[in-house]
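The next block is start_11.pdb, given as PDB, C-alpha atoms.
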```pdb
ATOM      1  CA  MET A 129      17.287  58.066  14.924  1.00  0.00           C
ATOM      2  CA  LYS A 130      14.341  56.978  12.825  1.00  0.00           C
ATOM      3  CA  ASN A 131      16.627  55.113  10.396  1.00  0.00           C
ATOM      4  CA  THR A 132      18.362  53.366  13.281  1.00  0.00           C
ATOM      5  CA  ARG A 133      15.028  52.191  14.667  1.00  0.00           C
ATOM      6  CA  ILE A 134      13.962  50.874  11.250  1.00  0.00           C
ATOM      7  CA  ARG A 135      17.242  48.953  10.885  1.00  0.00           C
ATOM      8  CA  SER A 136      16.749  47.421  14.332  1.00  0.00           C
ATOM      9  CA  LEU A 137      13.209  46.290  13.486  1.00  0.00           C
ATOM     10  CA  ILE A 138      14.427  44.706  10.241  1.00  0.00           C
ATOM     11  CA  ALA A 139      17.223  42.871  12.095  1.00  0.00           C
ATOM     12  CA  ILE A 140      14.760  41.536  14.679  1.00  0.00           C
ATOM     13  CA  ALA A 141      12.392  40.361  11.932  1.00  0.00           C
ATOM     14  CA  LEU A 142      15.192  38.559  10.106  1.00  0.00           C
ATOM     15  CA  PHE A 143      16.417  36.900  13.302  1.00  0.00           C
ATOM     16  CA  SER A 144      12.881  35.766  14.184  1.00  0.00           C
ATOM     17  CA  SER A 145      12.217  34.271  10.755  1.00  0.00           C
ATOM     18  CA  THR A 146      15.576  32.484  10.753  1.00  0.00           C
ATOM     19  CA  SER A 147      15.013  31.086  14.239  1.00  0.00           C
ATOM     20  CA  THR A 148      11.507  29.917  13.365  1.00  0.00           C
ATOM     21  CA  ALA A 149      12.789  28.159  10.257  1.00  0.00           C
ATOM     22  CA  ALA A 150      15.525  26.450  12.266  1.00  0.00           C
ATOM     23  CA  TYR A 151      13.127  25.148  14.922  1.00  0.00           C
ATOM     24  CA  SER A 152      10.509  24.100  12.365  1.00  0.00           C
ATOM     25  CA  ARG A 153      12.833  21.740  10.498  1.00  0.00           C
ATOM     26  CA  PRO A 154      11.660  18.108  10.751  1.00  0.00           C
ATOM     27  CA  ALA A 155      13.677  15.779  12.933  1.00  0.00           C
ATOM     28  CA  PRO A 156      16.141  13.686  10.940  1.00  0.00           C
ATOM     29  CA  ASN A 157      14.988  10.188  10.034  1.00  0.00           C
ATOM     30  CA  ILE A 158      16.800   7.583  12.114  1.00  0.00           C
ATOM     31  CA  GLN A 159      17.561   5.658   8.916  1.00  0.00           C
ATOM     32  CA  THR A 160      19.709   8.562   7.717  1.00  0.00           C
ATOM     33  CA  LEU A 161      21.651   8.490  11.004  1.00  0.00           C
ATOM     34  CA  VAL A 162      22.494   4.773  11.065  1.00  0.00           C
ATOM     35  CA  PRO A 163      24.776   3.654   8.197  1.00  0.00           C
ATOM     36  CA  MET A 164      23.318   0.840   6.097  1.00  0.00           C
ATOM     37  CA  GLN A 165      26.301  -1.400   6.834  1.00  0.00           C
ATOM     38  CA  GLN A 166      25.605  -1.027  10.543  1.00  0.00           C
ATOM     39  CA  GLN A 167      21.915  -1.793  10.005  1.00  0.00           C
ATOM     40  CA  VAL A 168      22.844  -4.986   8.148  1.00  0.00           C
ATOM     41  CA  GLY A 169      25.048  -6.017  11.074  1.00  0.00           C
ATOM     42  CA  GLU A 170      22.312  -5.289  13.595  1.00  0.00           C
ATOM     43  CA  VAL A 171      19.707  -7.323  11.691  1.00  0.00           C
ATOM     44  CA  VAL A 172      22.166 -10.226  11.413  1.00  0.00           C
ATOM     45  CA  SER A 173      22.861 -10.022  15.155  1.00  0.00           C
ATOM     46  CA  HIS A 174      19.108 -10.170  15.840  1.00  0.00           C
ATOM     47  CA  LEU A 175      18.782 -13.349  13.768  1.00  0.00           C
ATOM     48  CA  VAL A 176      21.885 -15.468  14.371  1.00  0.00           C
ATOM     49  CA  GLY A 177      21.529 -17.997  17.171  1.00  0.00           C
ATOM     50  CA  VAL A 178      18.880 -20.404  18.452  1.00  0.00           C
ATOM     51  CA  MET A 179      15.310 -19.412  19.364  1.00  0.00           C
ATOM     52  CA  ASP A 180      12.196 -21.389  20.171  1.00  0.00           C
ATOM     53  CA  THR A 181       8.518 -20.927  21.007  1.00  0.00           C
ATOM     54  CA  SER A 182       8.544 -23.175  24.102  1.00  0.00           C
ATOM     55  CA  ALA A 183       7.331 -20.416  26.462  1.00  0.00           C
ATOM     56  CA  GLN A 184       4.408 -19.631  24.171  1.00  0.00           C
ATOM     57  CA  ALA A 185       3.560 -23.322  23.799  1.00  0.00           C
ATOM     58  CA  GLN A 186       3.621 -23.776  27.570  1.00  0.00           C
ATOM     59  CA  ALA A 187       1.209 -20.864  28.027  1.00  0.00           C
ATOM     60  CA  ASN A 188      -1.026 -21.965  25.139  1.00  0.00           C
ATOM     61  CA  PRO A 189      -1.314 -25.730  24.458  1.00  0.00           C
ATOM     62  CA  LYS A 190      -2.555 -24.991  20.923  1.00  0.00           C
ATOM     63  CA  ALA A 191       0.636 -23.115  20.017  1.00  0.00           C
ATOM     64  CA  PRO A 192       3.387 -25.196  18.366  1.00  0.00           C
ATOM     65  CA  ASN A 193       6.774 -25.650  20.035  1.00  0.00           C
ATOM     66  CA  VAL A 194       9.224 -24.762  17.249  1.00  0.00           C
ATOM     67  CA  ARG A 195      12.977 -24.271  17.301  1.00  0.00           C
ATOM     68  CA  MET A 196      14.682 -21.913  14.825  1.00  0.00           C
ATOM     69  CA  THR A 197      18.440 -22.123  14.253  1.00  0.00           C
ATOM     70  CA  THR A 198      20.261 -19.490  12.186  1.00  0.00           C
ATOM     71  CA  CYS A 199      23.951 -19.105  11.334  1.00  0.00           C
ATOM     72  CA  LYS A 200      26.254 -17.236   8.973  1.00  0.00           C
ATOM     73  CA  VAL A 201      27.527 -18.972   5.837  1.00  0.00           C
ATOM     74  CA  SER A 202      30.083 -18.072   3.180  1.00  0.00           C
ATOM     75  CA  VAL A 203      29.408 -18.380  -0.547  1.00  0.00           C
ATOM     76  CA  GLU A 204      32.225 -19.622  -2.769  1.00  0.00           C
ATOM     77  CA  ASN A 205      33.624 -17.332  -5.479  1.00  0.00           C
ATOM     78  CA  THR A 206      31.813 -14.211  -4.283  1.00  0.00           C
ATOM     79  CA  LYS A 207      33.490 -10.998  -3.226  1.00  0.00           C
ATOM     80  CA  LYS A 208      33.421 -10.100   0.444  1.00  0.00           C
ATOM     81  CA  ASN A 209      30.968  -7.255   0.982  1.00  0.00           C
ATOM     82  CA  PRO A 210      30.184  -6.081   4.539  1.00  0.00           C
ATOM     83  CA  LYS A 211      26.787  -4.871   3.325  1.00  0.00           C
ATOM     84  CA  VAL A 212      25.773  -8.365   2.177  1.00  0.00           C
ATOM     85  CA  VAL A 213      25.537 -11.297   4.608  1.00  0.00           C
ATOM     86  CA  PHE A 214      24.246 -14.802   3.847  1.00  0.00           C
ATOM     87  CA  LEU A 215      22.565 -16.861   6.552  1.00  0.00           C
ATOM     88  CA  TYR A 216      21.285 -20.427   6.726  1.00  0.00           C
ATOM     89  CA  GLN A 217      18.144 -21.048   8.751  1.00  0.00           C
ATOM     90  CA  GLU A 218      16.184 -24.150   9.661  1.00  0.00           C
ATOM     91  CA  GLN A 219      13.006 -24.661  11.675  1.00  0.00           C
ATOM     92  CA  ALA A 220      11.898 -27.893  13.285  1.00  0.00           C
ATOM     93  CA  MET A 221       9.454 -29.052  15.900  1.00  0.00           C
ATOM     94  CA  SER A 222      11.365 -29.054  19.191  1.00  0.00           C
ATOM     95  CA  GLN A 223      10.643 -32.762  19.712  1.00  0.00           C
ATOM     96  CA  ASN A 224      11.995 -33.681  16.258  1.00  0.00           C
ATOM     97  CA  LEU A 225      15.006 -31.460  15.557  1.00  0.00           C
ATOM     98  CA  ALA A 226      16.586 -33.944  13.144  1.00  0.00           C
ATOM     99  CA  LYS A 227      13.759 -33.389  10.647  1.00  0.00           C
ATOM    100  CA  PRO A 228      13.352 -29.653   9.960  1.00  0.00           C
ATOM    101  CA  TYR A 229      10.200 -28.702   8.094  1.00  0.00           C
ATOM    102  CA  ARG A 230      11.655 -25.417   6.782  1.00  0.00           C
ATOM    103  CA  GLN A 231      15.156 -24.792   5.453  1.00  0.00           C
ATOM    104  CA  ARG A 232      16.246 -21.668   3.678  1.00  0.00           C
ATOM    105  CA  PHE A 233      19.043 -19.266   2.971  1.00  0.00           C
ATOM    106  CA  LEU A 234      18.671 -15.570   3.754  1.00  0.00           C
ATOM    107  CA  LYS A 235      20.489 -12.741   2.013  1.00  0.00           C
ATOM    108  CA  ILE A 236      20.636  -9.693   4.290  1.00  0.00           C
ATOM    109  CA  ALA A 237      21.492  -6.495   2.395  1.00  0.00           C
ATOM    110  CA  PRO A 238      20.317  -2.914   1.809  1.00  0.00           C
ATOM    111  CA  SER A 239      17.181  -2.759  -0.357  1.00  0.00           C
ATOM    112  CA  ALA A 240      17.421  -1.508  -3.936  1.00  0.00           C
ATOM    113  CA  ASP A 241      16.160   1.945  -2.902  1.00  0.00           C
ATOM    114  CA  ASN A 242      18.523   2.022   0.111  1.00  0.00           C
ATOM    115  CA  GLN A 243      15.580   2.804   2.418  1.00  0.00           C
ATOM    116  CA  SER A 244      15.426  -0.482   4.340  1.00  0.00           C
ATOM    117  CA  ILE A 245      17.224  -3.757   4.949  1.00  0.00           C
ATOM    118  CA  GLU A 246      15.993  -6.583   2.722  1.00  0.00           C
ATOM    119  CA  SER A 247      15.908 -10.123   4.080  1.00  0.00           C
ATOM    120  CA  GLN A 248      15.526 -12.191   0.916  1.00  0.00           C
ATOM    121  CA  SER A 249      14.833 -15.911   1.343  1.00  0.00           C
ATOM    122  CA  PHE A 250      15.926 -18.710  -0.999  1.00  0.00           C
ATOM    123  CA  LYS A 251      14.743 -22.321  -1.195  1.00  0.00           C
ATOM    124  CA  PRO A 252      17.719 -24.708  -1.491  1.00  0.00           C
ATOM    125  CA  PRO A 253      17.370 -27.447  -4.147  1.00  0.00           C
ATOM    126  CA  THR A 254      18.798 -30.187  -1.875  1.00  0.00           C
ATOM    127  CA  PRO A 255      17.723 -29.243   1.668  1.00  0.00           C
ATOM    128  CA  GLU A 256      18.340 -32.709   3.122  1.00  0.00           C
ATOM    129  CA  ALA A 257      22.085 -32.272   2.509  1.00  0.00           C
ATOM    130  CA  LEU A 258      22.091 -29.125   4.679  1.00  0.00           C
ATOM    131  CA  ILE A 259      20.472 -30.471   7.864  1.00  0.00           C
ATOM    132  CA  GLY A 260      22.600 -29.538  10.855  1.00  0.00           C
ATOM    133  CA  LEU A 261      24.783 -27.118   8.903  1.00  0.00           C
ATOM    134  CA  CYS A 262      24.842 -24.650  11.811  1.00  0.00           C
ATOM    135  CA  SER A 263      26.441 -27.236  14.080  1.00  0.00           C
ATOM    136  CA  LYS A 264      29.629 -27.004  12.003  1.00  0.00           C
ATOM    137  CA  PRO A 265      32.350 -24.399  12.721  1.00  0.00           C
ATOM    138  CA  GLU A 266      31.853 -21.193  10.723  1.00  0.00           C
ATOM    139  CA  ALA A 267      34.968 -21.917   8.628  1.00  0.00           C
ATOM    140  CA  LYS A 268      33.298 -25.126   7.425  1.00  0.00           C
ATOM    141  CA  ARG A 269      29.998 -23.444   6.528  1.00  0.00           C
ATOM    142  CA  VAL A 270      30.974 -22.711   2.928  1.00  0.00           C
ATOM    143  CA  ILE A 271      28.423 -23.259   0.181  1.00  0.00           C
ATOM    144  CA  LYS A 272      28.312 -22.979  -3.595  1.00  0.00           C
ATOM    145  CA  LEU A 273      26.173 -20.339  -5.283  1.00  0.00           C
ATOM    146  CA  THR A 274      24.135 -23.138  -6.855  1.00  0.00           C
ATOM    147  CA  ASP A 275      23.321 -24.494  -3.371  1.00  0.00           C
ATOM    148  CA  ILE A 276      21.307 -21.386  -2.498  1.00  0.00           C
ATOM    149  CA  GLY A 277      18.429 -22.073  -4.879  1.00  0.00           C
ATOM    150  CA  ALA A 278      15.628 -19.845  -6.120  1.00  0.00           C
ATOM    151  CA  ALA A 279      14.556 -16.592  -4.484  1.00  0.00           C
ATOM    152  CA  LYS A 280      11.159 -16.983  -2.804  1.00  0.00           C
ATOM    153  CA  CYS A 281      10.248 -13.928  -0.731  1.00  0.00           C
ATOM    154  CA  SER A 282      11.550 -10.728   0.854  1.00  0.00           C
ATOM    155  CA  VAL A 283      10.876  -8.914   4.102  1.00  0.00           C
ATOM    156  CA  PHE A 284      11.885  -5.237   4.279  1.00  0.00           C
ATOM    157  CA  LEU A 285      13.100  -4.136   7.707  1.00  0.00           C
ATOM    158  CA  LYS A 286      13.503  -0.691   9.221  1.00  0.00           C
ATOM    159  CA  PRO A 287      14.943   0.325  12.601  1.00  0.00           C
ATOM    160  CA  ASP A 288      12.506   1.268  15.355  1.00  0.00           C
ATOM    161  CA  GLY A 289      14.505   2.261  18.416  1.00  0.00           C
ATOM    162  CA  GLU A 290      16.577  -0.821  19.296  1.00  0.00           C
ATOM    163  CA  ASN A 291      14.205  -3.072  17.332  1.00  0.00           C
ATOM    164  CA  TYR A 292      13.701  -3.791  13.636  1.00  0.00           C
ATOM    165  CA  ILE A 293      10.224  -4.076  12.145  1.00  0.00           C
ATOM    166  CA  GLY A 294       9.531  -5.431   8.688  1.00  0.00           C
ATOM    167  CA  GLU A 295       6.975  -7.001   6.395  1.00  0.00           C
ATOM    168  CA  THR A 296       6.554  -8.551   2.993  1.00  0.00           C
ATOM    169  CA  PRO A 297       5.342  -6.450   0.018  1.00  0.00           C
ATOM    170  CA  LYS A 298       1.630  -5.567   0.200  1.00  0.00           C
ATOM    171  CA  ALA A 299       0.747  -8.182  -2.411  1.00  0.00           C
ATOM    172  CA  GLY A 300       2.581 -10.861  -0.419  1.00  0.00           C
ATOM    173  CA  CYS A 301       4.873 -13.494  -1.923  1.00  0.00           C
ATOM    174  CA  PRO A 302       3.883 -16.403  -4.196  1.00  0.00           C
ATOM    175  CA  SER A 303       3.527 -19.841  -2.607  1.00  0.00           C
ATOM    176  CA  ASP A 304       2.587 -23.358  -3.693  1.00  0.00           C
ATOM    177  CA  TYR A 305       2.713 -24.992  -0.268  1.00  0.00           C
ATOM    178  CA  LYS A 306      -0.332 -26.733   1.231  1.00  0.00           C
ATOM    179  CA  GLY A 307      -2.904 -25.058  -1.013  1.00  0.00           C
ATOM    180  CA  ALA A 308      -1.563 -21.515  -0.617  1.00  0.00           C
ATOM    181  CA  VAL A 309      -0.985 -19.138  -3.514  1.00  0.00           C
ATOM    182  CA  LYS A 310       0.551 -16.337  -1.451  1.00  0.00           C
ATOM    183  CA  VAL A 311       2.109 -15.711   1.955  1.00  0.00           C
ATOM    184  CA  THR A 312       2.430 -12.551   4.007  1.00  0.00           C
ATOM    185  CA  ASN A 313       4.619 -11.907   6.995  1.00  0.00           C
ATOM    186  CA  ARG A 314       5.292  -9.183   9.535  1.00  0.00           C
ATOM    187  CA  ILE A 315       8.206  -9.562  11.922  1.00  0.00           C
ATOM    188  CA  VAL A 316       9.602  -7.677  14.882  1.00  0.00           C
ATOM    189  CA  LEU A 317      13.218  -8.302  15.890  1.00  0.00           C
ATOM    190  CA  HIS A 318      13.861  -7.311  19.499  1.00  0.00           C
ATOM    191  CA  SER A 319      16.205  -7.949  22.428  1.00  0.00           C
ATOM    192  CA  THR A 320      14.467 -11.151  23.584  1.00  0.00           C
ATOM    193  CA  GLY A 321      13.982 -12.712  20.149  1.00  0.00           C
ATOM    194  CA  MET A 322      11.504 -12.330  17.315  1.00  0.00           C
ATOM    195  CA  ASP A 323       7.738 -12.137  16.813  1.00  0.00           C
ATOM    196  CA  THR A 324       6.519 -13.275  13.403  1.00  0.00           C
ATOM    197  CA  LEU A 325       2.995 -13.114  11.945  1.00  0.00           C
ATOM    198  CA  ASP A 326       3.314 -15.636   9.134  1.00  0.00           C
ATOM    199  CA  ARG A 327       0.138 -16.307   7.112  1.00  0.00           C
ATOM    200  CA  ALA A 328      -0.761 -18.114   3.883  1.00  0.00           C
ATOM    201  CA  PHE A 329      -3.848 -17.677   1.702  1.00  0.00           C
ATOM    202  CA  ASP A 330      -5.508 -19.611  -1.126  1.00  0.00           C
ATOM    203  CA  ALA A 331      -6.781 -18.179  -4.418  1.00  0.00           C
ATOM    204  CA  ALA A 332     -10.104 -17.196  -2.796  1.00  0.00           C
ATOM    205  CA  GLY A 333      -8.346 -15.207  -0.073  1.00  0.00           C
ATOM    206  CA  ASN A 334      -8.956 -17.757   2.688  1.00  0.00           C
ATOM    207  CA  GLN A 335      -6.172 -18.356   5.186  1.00  0.00           C
ATOM    208  CA  VAL A 336      -4.997 -21.951   4.866  1.00  0.00           C
ATOM    209  CA  TRP A 337      -2.092 -22.046   7.310  1.00  0.00           C
ATOM    210  CA  GLY A 338      -0.013 -19.854   9.585  1.00  0.00           C
ATOM    211  CA  SER A 339      -0.806 -17.753  12.624  1.00  0.00           C
ATOM    212  CA  LYS A 340      -4.524 -17.161  13.168  1.00  0.00           C
ATOM    213  CA  GLY A 341      -4.249 -15.079  16.307  1.00  0.00           C
ATOM    214  CA  GLU A 342      -1.172 -13.797  18.062  1.00  0.00           C
ATOM    215  CA  PRO A 343       2.190 -13.930  16.287  1.00  0.00           C
ATOM    216  CA  TYR A 344       4.622 -16.782  16.831  1.00  0.00           C
ATOM    217  CA  GLN A 345       6.844 -15.708  19.721  1.00  0.00           C
ATOM    218  CA  PHE A 346      10.400 -16.954  19.274  1.00  0.00           C
ATOM    219  CA  ARG A 347      12.621 -16.365  22.301  1.00  0.00           C
ATOM    220  CA  TRP A 348      16.373 -16.814  22.668  1.00  0.00           C
ATOM    221  CA  VAL A 349      17.670 -20.187  23.727  1.00  0.00           C
ATOM    222  CA  GLN A 350      21.210 -19.390  22.603  1.00  0.00           C
ATOM    223  CA  PRO A 351      21.881 -15.902  21.235  1.00  0.00           C
ATOM    224  CA  SER A 352      24.795 -15.298  18.878  1.00  0.00           C
ATOM    225  CA  ALA A 353      28.125 -14.558  20.550  1.00  0.00           C
ATOM    226  CA  SER A 354      28.027 -11.004  19.125  1.00  0.00           C
ATOM    227  CA  ARG A 355      24.908 -10.031  21.054  1.00  0.00           C
TER     228      ARG A 355
END
```

Can I see the file as structure tokens?
Amino acid sequence: MKNTRIRSLIAIALFSSTSTAAYSRPAPNIQTLVPMQQQVGEVVSHLVGVMDTSAQAQANPKAPNVRMTTCKVSVENTKKNPKVVFLYQEQAMSQNLAKPYRQRFLKIAPSADNQSIESQSFKPPTPEALIGLCSKPEAKRVIKLTDIGAAKCSVFLKPDGENYIGETPKAGCPSDYKGAVKVTNRIVLHSTGMDTLDRAFDAAGNQVWGSKGEPYQFRWVQPSASR
């Protein structure tokens, strides 16, 4: 009888410790639940299409009215990889769309450590030849590898519910535009568009251009067909 009671107490103790261990396990990271290929596709879907800041400019006369157009492109002589997508993006003042002030290619792919999605930007060597590229059918948006240009900066994005949040490395990215030596950015991709806190600093650490208050609020004018 005594031995039976001892065995029962041991069994209860083992069950309790096992149950406690099971319930004390940390919740799985959402990044481990969503395949990287799917994350790449979701980031691309958040970016492709036409957005502008017209609503923000209407509410705040000091805010610029900017249109951002983004589309998929194909790169000649590169293997198809569903985890790597190239985009072309141009930004222009809404009243002067024929003269974009920013043109770049974006490479959307898993980061080297496979912990985030990297949006790496490239500065094309002949941007004037690319103006209006997104107005062409996708089959005609084929570029050469040499058209992409030099890598300039990366933003590392992670899922946050249905959104993606990302930022540049802590040290920022090098810049030589309008007196800046580095730029930093933090972006949020969400169902109504994108918020971006884009800032540039000189060698003394003074901000020389970019957002000085609230982030630029890009909202969908024409989402991609896949959204």

8 Å contact set for Gln345 of chain A, only C-alpha atoms, chain neighbours under 6 positions out, as a PyMOL selection string: chain A and resi 180-181+184+321-324

Ground truth for the PyMOL selection byres ((chain A and resi 215) around 8), written as number ranges by chain: A: 176, 198-201, 213-214, 216-217, 233-236

Report the closest atom pair, with its distance in Å rounded to one decimal, for each residue of segment 268-305 of chain A that has an atom no farther than 10 Å from segment 244-257 of chain A; count all atoms listed in the file, sort by chain and then rising residue number, and write it as a tab-separated table.
```
residue	atom	partner	partner_atom	distance
A:Thr274	CA	A:Pro253	CA	8.5
A:Asp275	CA	A:Pro252	CA	5.9
A:Ile276	CA	A:Pro252	CA	5.0
A:Gly277	CA	A:Pro252	CA	4.4
A:Ala278	CA	A:Phe250	CA	5.3
A:Ala279	CA	A:Phe250	CA	4.3
A:Lys280	CA	A:Phe250	CA	5.4
A:Cys281	CA	A:Ser249	CA	5.4
A:Ser282	CA	A:Gln248	CA	4.2
A:Val283	CA	A:Ser247	CA	5.2
A:Phe284	CA	A:Glu246	CA	4.6
A:Leu285	CA	A:Ile245	CA	5.0
A:Lys286	CA	A:Ser244	CA	5.3
A:Pro287	CA	A:Ser244	CA	8.3
A:Tyr292	CA	A:Ile245	CA	9.4
A:Gly294	CA	A:Ile245	CA	8.7
A:Glu295	CA	A:Ser247	CA	9.7
A:Thr296	CA	A:Ser247	CA	9.5
```

Close residues, Glu170 of chain A itself excluded, 10 Å, only C-alpha atoms, min 3 positions apart in chain, as number ranges by chain: A: 164-167, 173-175, 287, 290-292, 317, 354-355

Output of the above residues as a PDB file, keeping the file's coordinate frame, restricted to C-alpha atoms:
```pdb
ATOM      1  CA  MET A 164      23.318   0.840   6.097  1.00  0.00           C
ATOM      2  CA  GLN A 165      26.301  -1.400   6.834  1.00  0.00           C
ATOM      3  CA  GLN A 166      25.605  -1.027  10.543  1.00  0.00           C
ATOM      4  CA  GLN A 167      21.915  -1.793  10.005  1.00  0.00           C
ATOM      5  CA  SER A 173      22.861 -10.022  15.155  1.00  0.00           C
ATOM      6  CA  HIS A 174      19.108 -10.170  15.840  1.00  0.00           C
ATOM      7  CA  LEU A 175      18.782 -13.349  13.768  1.00  0.00           C
ATOM      8  CA  PRO A 287      14.943   0.325  12.601  1.00  0.00           C
ATOM      9  CA  GLU A 290      16.577  -0.821  19.296  1.00  0.00           C
ATOM     10  CA  ASN A 291      14.205  -3.072  17.332  1.00  0.00           C
ATOM     11  CA  TYR A 292      13.701  -3.791  13.636  1.00  0.00           C
ATOM     12  CA  LEU A 317      13.218  -8.302  15.890  1.00  0.00           C
ATOM     13  CA  SER A 354      28.027 -11.004  19.125  1.00  0.00           C
ATOM     14  CA  ARG A 355      24.908 -10.031  21.054  1.00  0.00           C
TER      15      ARG A 355
END
```

Around segment 335-339 of chain A, with edges along x, y and z and 8 Å added on all six sides, what centre and edge lengths do you get, in Å to one decimal, as JSON?
```
{"center_x": -3.1, "center_y": -19.9, "center_z": 8.7, "size_x": 22.2, "size_y": 20.3, "size_z": 23.8}
```

Expected selection from the PyMOL selection byres ((chain A and resi 205) around 10), given as a PyMOL selection string: chain A and resi 202-204+206-208+271-273

Since fewer atoms than expected are present, regenerate all heavy atoms for segment 218-225 of chain A and write them as an mmCIF file, in the coordinates of the input.
```cif
data_model
loop_
_atom_site.group_PDB
_atom_site.id
_atom_site.type_symbol
_atom_site.label_atom_id
_atom_site.label_comp_id
_atom_site.auth_asym_id
_atom_site.auth_seq_id
_atom_site.Cartn_x
_atom_site.Cartn_y
_atom_site.Cartn_z
ATOM 1 N N GLU A 218 17.088 -23.012 9.703
ATOM 2 C CA GLU A 218 16.184 -24.150 9.661
ATOM 3 C C GLU A 218 15.249 -24.126 10.862
ATOM 4 O O GLU A 218 15.617 -23.682 11.956
ATOM 5 C CB GLU A 218 16.934 -25.480 9.563
ATOM 6 C CG GLU A 218 17.867 -25.810 10.687
ATOM 7 C CD GLU A 218 18.629 -27.123 10.435
ATOM 8 O OE1 GLU A 218 18.981 -27.401 9.263
ATOM 9 O OE2 GLU A 218 18.874 -27.861 11.405
ATOM 10 N N GLN A 219 14.024 -24.581 10.635
ATOM 11 C CA GLN A 219 13.006 -24.661 11.675
ATOM 12 C C GLN A 219 12.530 -26.095 11.787
ATOM 13 O O GLN A 219 12.321 -26.776 10.783
ATOM 14 C CB GLN A 219 11.815 -23.754 11.349
ATOM 15 C CG GLN A 219 12.120 -22.275 11.468
ATOM 16 C CD GLN A 219 10.944 -21.412 11.052
ATOM 17 O OE1 GLN A 219 11.119 -20.413 10.360
ATOM 18 N NE2 GLN A 219 9.747 -21.775 11.478
ATOM 19 N N ALA A 220 12.357 -26.526 13.035
ATOM 20 C CA ALA A 220 11.898 -27.893 13.285
ATOM 21 C C ALA A 220 11.060 -27.899 14.550
ATOM 22 O O ALA A 220 11.211 -27.030 15.417
ATOM 23 C CB ALA A 220 13.079 -28.840 13.435
ATOM 24 N N MET A 221 10.172 -28.861 14.655
ATOM 25 C CA MET A 221 9.454 -29.052 15.900
ATOM 26 C C MET A 221 10.485 -29.423 16.977
ATOM 27 O O MET A 221 11.399 -30.216 16.710
ATOM 28 C CB MET A 221 8.400 -30.144 15.764
ATOM 29 C CG MET A 221 7.375 -29.888 14.654
ATOM 30 S SD MET A 221 6.500 -28.306 14.834
ATOM 31 C CE MET A 221 5.555 -28.606 16.341
ATOM 32 N N SER A 222 10.348 -28.864 18.152
ATOM 33 C CA SER A 222 11.365 -29.054 19.191
ATOM 34 C C SER A 222 11.564 -30.519 19.562
ATOM 35 O O SER A 222 12.648 -30.918 19.985
ATOM 36 C CB SER A 222 11.003 -28.237 20.435
ATOM 37 O OG SER A 222 11.100 -26.852 20.154
ATOM 38 N N GLN A 223 10.531 -31.344 19.380
ATOM 39 C CA GLN A 223 10.643 -32.762 19.712
ATOM 40 C C GLN A 223 11.192 -33.588 18.557
ATOM 41 O O GLN A 223 11.359 -34.813 18.690
ATOM 42 C CB GLN A 223 9.289 -33.328 20.167
ATOM 43 C CG GLN A 223 8.217 -33.371 19.085
ATOM 44 C CD GLN A 223 7.390 -32.095 19.041
ATOM 45 O OE1 GLN A 223 7.860 -31.018 19.411
ATOM 46 N NE2 GLN A 223 6.151 -32.223 18.593
ATOM 47 N N ASN A 224 11.497 -32.946 17.427
ATOM 48 C CA ASN A 224 11.995 -33.681 16.258
ATOM 49 C C ASN A 224 12.985 -32.807 15.475
ATOM 50 O O ASN A 224 12.786 -32.515 14.297
ATOM 51 C CB ASN A 224 10.813 -34.096 15.369
ATOM 52 C CG ASN A 224 11.183 -35.199 14.397
ATOM 53 O OD1 ASN A 224 12.287 -35.754 14.451
ATOM 54 N ND2 ASN A 224 10.280 -35.524 13.490
ATOM 55 N N LEU A 225 14.057 -32.402 16.138
ATOM 56 C CA LEU A 225 15.006 -31.460 15.557
ATOM 57 C C LEU A 225 15.754 -32.029 14.350
ATOM 58 O O LEU A 225 16.249 -31.267 13.513
ATOM 59 C CB LEU A 225 16.013 -31.006 16.613
ATOM 60 C CG LEU A 225 15.436 -30.233 17.802
ATOM 61 C CD1 LEU A 225 16.527 -29.909 18.808
ATOM 62 C CD2 LEU A 225 14.745 -28.960 17.343
#
```
